[in-house]
Amino acid sequence: MRKKFLSTGLAWLWVAILVLGVDRYAKSWAITHLVFGEPLRLLPVFNLTLAYNTGAAFSFLHNASGWQNVFLGSLAFIVSIIILCWLYRLPARARWTNVALCLVLSGALGNAWDRLLYGYVIDFFDFHLGDWHFAIFNTADSAICIGAFMLMLHWIKYPK
């Protein structure tokens with residue numbers, strides 16, 4: 001017997017679509033209004049700095065010869081399929097887990113979209129203290145981290 005769409009976690013896909021839209025808009029704004037490598041200072045500890053990341057998180061694999069885009073894009077596709085299957089198996093009432101998974105899904109798809117279109121991921125959030133800079137990141141990265149953190153909190157609170 002087939003489940004009804006709205007009774008599964010797939011009913012929460014609107015969260016992923018919304019966050020993916022915000023990510024696409026933010027990246028479009030960044031490439032239109034920022035100059036590559038030139039910081040736009042907003043706060044003493046926060047700049048908007050356009051950067052192109054050919055690697056993964058924290059620029060891991062950025063010096064690889066190009067194979068990393070295929071690998072990371074394929075990984076994002078596989079993770080997305082797993083998350084969609086997981087959402088299908090979850091009841092819609094499992095709000096916290098569904099939202100967390102949709103955040104991870106939107107982040108994976110947002111960065112995969114960049115890799116497919118440009119061959120790199122567009123990053124622009126730049127936190128720093130003096131001359132020390134945290135890795136430059138984007139809204140998709142934020143969604144992945146927030147979603148993963150939410151999942152960890154859930155698993156700590158409800159270990160099974």
# chains A, B, ... in the order shown; residues from 1 in each chain; ligands from 1
>>> closest_atom_pairs(of="region 39-116 of chain A", to="region 120-128 of chain A", cutoff="8 Å", atoms="only C-alpha atoms", output="JSON lines")
{"residue": "A:Val45", "atom": "CA", "partner": "A:His128", "partner_atom": "CA", "distance": 5.0}
{"residue": "A:Phe46", "atom": "CA", "partner": "A:Phe127", "partner_atom": "CA", "distance": 4.6}
{"residue": "A:Asn47", "atom": "CA", "partner": "A:Asp126", "partner_atom": "CA", "distance": 5.0}
{"residue": "A:Leu48", "atom": "CA", "partner": "A:Phe125", "partner_atom": "CA", "distance": 5.2}
{"residue": "A:Thr49", "atom": "CA", "partner": "A:Phe124", "partner_atom": "CA", "distance": 4.7}
{"residue": "A:Leu50", "atom": "CA", "partner": "A:Phe124", "partner_atom": "CA", "distance": 4.6}
{"residue": "A:Ala51", "atom": "CA", "partner": "A:Asp123", "partner_atom": "CA", "distance": 5.1}
{"residue": "A:Tyr52", "atom": "CA", "partner": "A:Ile122", "partner_atom": "CA", "distance": 5.0}
{"residue": "A:Asn53", "atom": "CA", "partner": "A:Val121", "partner_atom": "CA", "distance": 5.0}
{"residue": "A:Thr54", "atom": "CA", "partner": "A:Tyr120", "partner_atom": "CA", "distance": 4.4}
{"residue": "A:Gly55", "atom": "CA", "partner": "A:Tyr120", "partner_atom": "CA", "distance": 7.5}
{"residue": "A:Asn69", "atom": "CA", "partner": "A:Tyr120", "partner_atom": "CA", "distance": 7.5}
{"residue": "A:Asn111", "atom": "CA", "partner": "A:Val121", "partner_atom": "CA", "distance": 5.8}
{"residue": "A:Ala112", "atom": "CA", "partner": "A:Val121", "partner_atom": "CA", "distance": 7.9}
{"residue": "A:Asp114", "atom": "CA", "partner": "A:Val121", "partner_atom": "CA", "distance": 5.1}
{"residue": "A:Arg115", "atom": "CA", "partner": "A:Tyr120", "partner_atom": "CA", "distance": 4.7}
{"residue": "A:Leu116", "atom": "CA", "partner": "A:Tyr120", "partner_atom": "CA", "distance": 8.0}
>>> write_last_selection(atoms="C-alpha atoms", output="short mmCIF file (atom, residue, chain, number, x, y, z; two decimals), in the first residue's frame")
data_model
loop_
_atom_site.label_atom_id
_atom_site.label_comp_id
_atom_site.auth_asym_id
_atom_site.auth_seq_id
_atom_site.Cartn_x
_atom_site.Cartn_y
_atom_site.Cartn_z
CA VAL A 45 34.16 40.78 12.70
CA PHE A 46 32.12 40.11 9.55
CA ASN A 47 32.73 40.79 5.87
CA LEU A 48 31.10 39.70 2.66
CA THR A 49 33.98 38.41 0.52
CA LEU A 50 33.34 36.65 -2.78
CA ALA A 51 35.35 33.43 -3.05
CA TYR A 52 35.21 30.40 -5.34
CA ASN A 53 35.72 27.06 -3.62
CA THR A 54 36.67 24.13 -5.85
CA GLY A 55 37.00 21.88 -2.81
CA ASN A 69 33.93 18.22 -8.57
CA ASN A 111 26.36 23.49 -3.48
CA ALA A 112 25.90 20.73 -6.09
CA ASP A 114 27.10 25.57 -8.10
CA ARG A 115 29.50 22.75 -8.97
CA LEU A 116 27.39 21.78 -11.96
#
>>> select_by_dssp(residues="chain A", states="strand (DSSP E)", output="JSON, numbers by chain")
{"A": [40, 41, 42, 43, 46, 47, 48, 49, 50, 51, 52, 53, 121, 122, 123, 124, 125, 126, 127, 128, 129, 132, 133]}
>>> write_last_selection(atoms="C-alpha atoms", output="PDB file, in the first residue's frame")
ATOM      1  CA  LEU A  40      32.868  44.370   1.968  1.00  0.00           C
ATOM      2  CA  ARG A  41      33.036  45.159   5.689  1.00  0.00           C
ATOM      3  CA  LEU A  42      29.670  44.989   7.446  1.00  0.00           C
ATOM      4  CA  LEU A  43      30.784  44.552  11.066  1.00  0.00           C
ATOM      5  CA  PHE A  46      32.123  40.110   9.551  1.00  0.00           C
ATOM      6  CA  ASN A  47      32.730  40.788   5.865  1.00  0.00           C
ATOM      7  CA  LEU A  48      31.104  39.700   2.658  1.00  0.00           C
ATOM      8  CA  THR A  49      33.976  38.412   0.525  1.00  0.00           C
ATOM      9  CA  LEU A  50      33.337  36.647  -2.781  1.00  0.00           C
ATOM     10  CA  ALA A  51      35.351  33.425  -3.055  1.00  0.00           C
ATOM     11  CA  TYR A  52      35.213  30.404  -5.342  1.00  0.00           C
ATOM     12  CA  ASN A  53      35.723  27.060  -3.616  1.00  0.00           C
ATOM     13  CA  VAL A 121      30.979  26.696  -5.020  1.00  0.00           C
ATOM     14  CA  ILE A 122      30.268  30.392  -4.455  1.00  0.00           C
ATOM     15  CA  ASP A 123      31.164  31.433  -0.892  1.00  0.00           C
ATOM     16  CA  PHE A 124      30.872  34.893   0.650  1.00  0.00           C
ATOM     17  CA  PHE A 125      30.325  34.894   4.446  1.00  0.00           C
ATOM     18  CA  ASP A 126      33.649  35.874   6.031  1.00  0.00           C
ATOM     19  CA  PHE A 127      33.933  35.935   9.846  1.00  0.00           C
ATOM     20  CA  HIS A 128      37.251  37.092  11.287  1.00  0.00           C
ATOM     21  CA  LEU A 129      39.082  38.324  14.356  1.00  0.00           C
ATOM     22  CA  TRP A 132      42.529  35.535  11.496  1.00  0.00           C
ATOM     23  CA  HIS A 133      39.701  34.479   9.175  1.00  0.00           C
TER      24      HIS A 133
END
>>> select_by_dssp(residues="chain A", states="alpha helix (DSSP H)", output="JSON, numbers by chain")
{"A": [13, 14, 15, 16, 17, 18, 19, 20, 21, 22, 23, 24, 25, 26, 27, 28, 29, 30, 31, 32, 33, 67, 68, 69, 70, 71, 72, 73, 74, 75, 76, 77, 78, 79, 80, 81, 82, 83, 84, 85, 86, 87, 88, 89, 95, 96, 97, 98, 99, 100, 101, 102, 103, 104, 105, 106, 107, 108, 109, 110, 111, 112, 113, 114, 115, 116, 117, 118, 139, 140, 141, 142, 143, 144, 145, 146, 147, 148, 149, 150, 151, 152, 153, 154, 155, 156, 157]}
>>> residues_around(residues="Tyr88 (chain A)", least_positions_apart="4", cutoff="6 Å", atoms="only C-alpha atoms", output="PDB file with C-alpha atoms, in the first residue's frame")
ATOM      1  CA  THR A   8       5.340  11.407   5.161  1.00  0.00           C
ATOM      2  CA  GLY A   9       8.339  13.598   5.817  1.00  0.00           C
ATOM      3  CA  LEU A  10       8.211  14.548   2.139  1.00  0.00           C
TER       4      LEU A  10
END
>>> atom_distance(atom1="CA of Leu153 (chain A)", atom2="CA of Ser80 (chain A)")
21.1 Å
>>> residues_around(residues="Leu151 (chain A)", least_positions_apart="6", cutoff="8 Å", atoms="only C-alpha atoms", output="ChimeraX atom specification")
/A:97,100-101
>>> decode(residues="region 121-151 of chain A", atoms="N, CA and C atoms", output="CSV table (one decimal), in the first residue's frame")
chain,number,residue,atom,x,y,z
A,121,VAL,N,32.1,26.2,-5.9
A,121,VAL,CA,31.0,26.7,-5.0
A,121,VAL,C,31.2,28.2,-4.7
A,122,ILE,N,30.2,29.0,-4.8
A,122,ILE,CA,30.3,30.4,-4.5
A,122,ILE,C,30.1,30.6,-2.9
A,123,ASP,N,31.2,31.1,-2.3
A,123,ASP,CA,31.2,31.4,-0.9
A,123,ASP,C,31.3,32.9,-0.7
A,124,PHE,N,30.8,33.4,0.4
A,124,PHE,CA,30.9,34.9,0.7
A,124,PHE,C,30.8,35.3,2.1
A,125,PHE,N,30.4,34.5,3.0
A,125,PHE,CA,30.3,34.9,4.4
A,125,PHE,C,31.7,34.8,5.0
A,126,ASP,N,32.3,35.8,5.6
A,126,ASP,CA,33.6,35.9,6.0
A,126,ASP,C,33.7,36.4,7.5
A,127,PHE,N,33.8,35.5,8.5
A,127,PHE,CA,33.9,35.9,9.8
A,127,PHE,C,35.4,36.0,10.2
A,128,HIS,N,35.8,37.0,11.0
A,128,HIS,CA,37.3,37.1,11.3
A,128,HIS,C,37.5,37.8,12.6
A,129,LEU,N,38.6,37.6,13.2
A,129,LEU,CA,39.1,38.3,14.4
A,129,LEU,C,40.4,38.9,14.0
A,130,GLY,N,40.5,40.2,13.8
A,130,GLY,CA,41.8,40.7,13.3
A,130,GLY,C,42.2,40.2,12.0
A,131,ASP,N,43.4,39.6,11.9
A,131,ASP,CA,43.9,39.0,10.7
A,131,ASP,C,43.5,37.5,10.5
A,132,TRP,N,42.9,36.9,11.6
A,132,TRP,CA,42.5,35.5,11.5
A,132,TRP,C,41.1,35.4,10.9
A,133,HIS,N,41.0,34.7,9.8
A,133,HIS,CA,39.7,34.5,9.2
A,133,HIS,C,39.2,33.0,9.3
A,134,PHE,N,38.0,32.9,9.6
A,134,PHE,CA,37.3,31.5,9.6
A,134,PHE,C,37.1,31.2,8.1
A,135,ALA,N,36.9,30.0,7.8
A,135,ALA,CA,36.7,29.6,6.4
A,135,ALA,C,35.5,30.4,5.8
A,136,ILE,N,35.6,30.9,4.6
A,136,ILE,CA,34.5,31.6,4.0
A,136,ILE,C,33.5,30.6,3.6
A,137,PHE,N,32.2,30.9,3.8
A,137,PHE,CA,31.2,29.9,3.6
A,137,PHE,C,29.9,30.6,3.0
A,138,ASN,N,28.9,29.8,2.8
A,138,ASN,CA,27.6,30.3,2.2
A,138,ASN,C,26.4,29.8,2.9
A,139,THR,N,25.2,30.2,2.4
A,139,THR,CA,24.0,29.8,3.0
A,139,THR,C,23.7,28.3,2.9
A,140,ALA,N,24.2,27.6,1.9
A,140,ALA,CA,24.0,26.2,1.8
A,140,ALA,C,24.8,25.5,2.9
A,141,ASP,N,26.1,26.0,3.1
A,141,ASP,CA,26.9,25.4,4.1
A,141,ASP,C,26.3,25.6,5.5
A,142,SER,N,25.7,26.8,5.7
A,142,SER,CA,25.0,27.0,7.0
A,142,SER,C,23.8,26.1,7.1
A,143,ALA,N,23.0,25.9,6.1
A,143,ALA,CA,21.9,24.9,6.2
A,143,ALA,C,22.4,23.5,6.5
A,144,ILE,N,23.4,23.1,5.9
A,144,ILE,CA,24.0,21.7,6.2
A,144,ILE,C,24.4,21.7,7.7
A,145,CYS,N,25.1,22.7,8.2
A,145,CYS,CA,25.6,22.6,9.6
A,145,CYS,C,24.4,22.7,10.6
A,146,ILE,N,23.5,23.6,10.3
A,146,ILE,CA,22.3,23.7,11.2
A,146,ILE,C,21.5,22.4,11.2
A,147,GLY,N,21.3,21.8,10.0
A,147,GLY,CA,20.5,20.6,9.9
A,147,GLY,C,21.3,19.4,10.6
A,148,ALA,N,22.6,19.3,10.5
A,148,ALA,CA,23.4,18.3,11.1
A,148,ALA,C,23.4,18.5,12.6
A,149,PHE,N,23.5,19.7,13.1
A,149,PHE,CA,23.4,20.0,14.5
A,149,PHE,C,22.0,19.6,15.1
A,150,MET,N,21.0,19.9,14.4
A,150,MET,CA,19.6,19.5,14.8
A,150,MET,C,19.5,18.0,14.9
A,151,LEU,N,20.1,17.3,13.9
A,151,LEU,CA,20.0,15.8,14.0
A,151,LEU,C,20.8,15.3,15.2
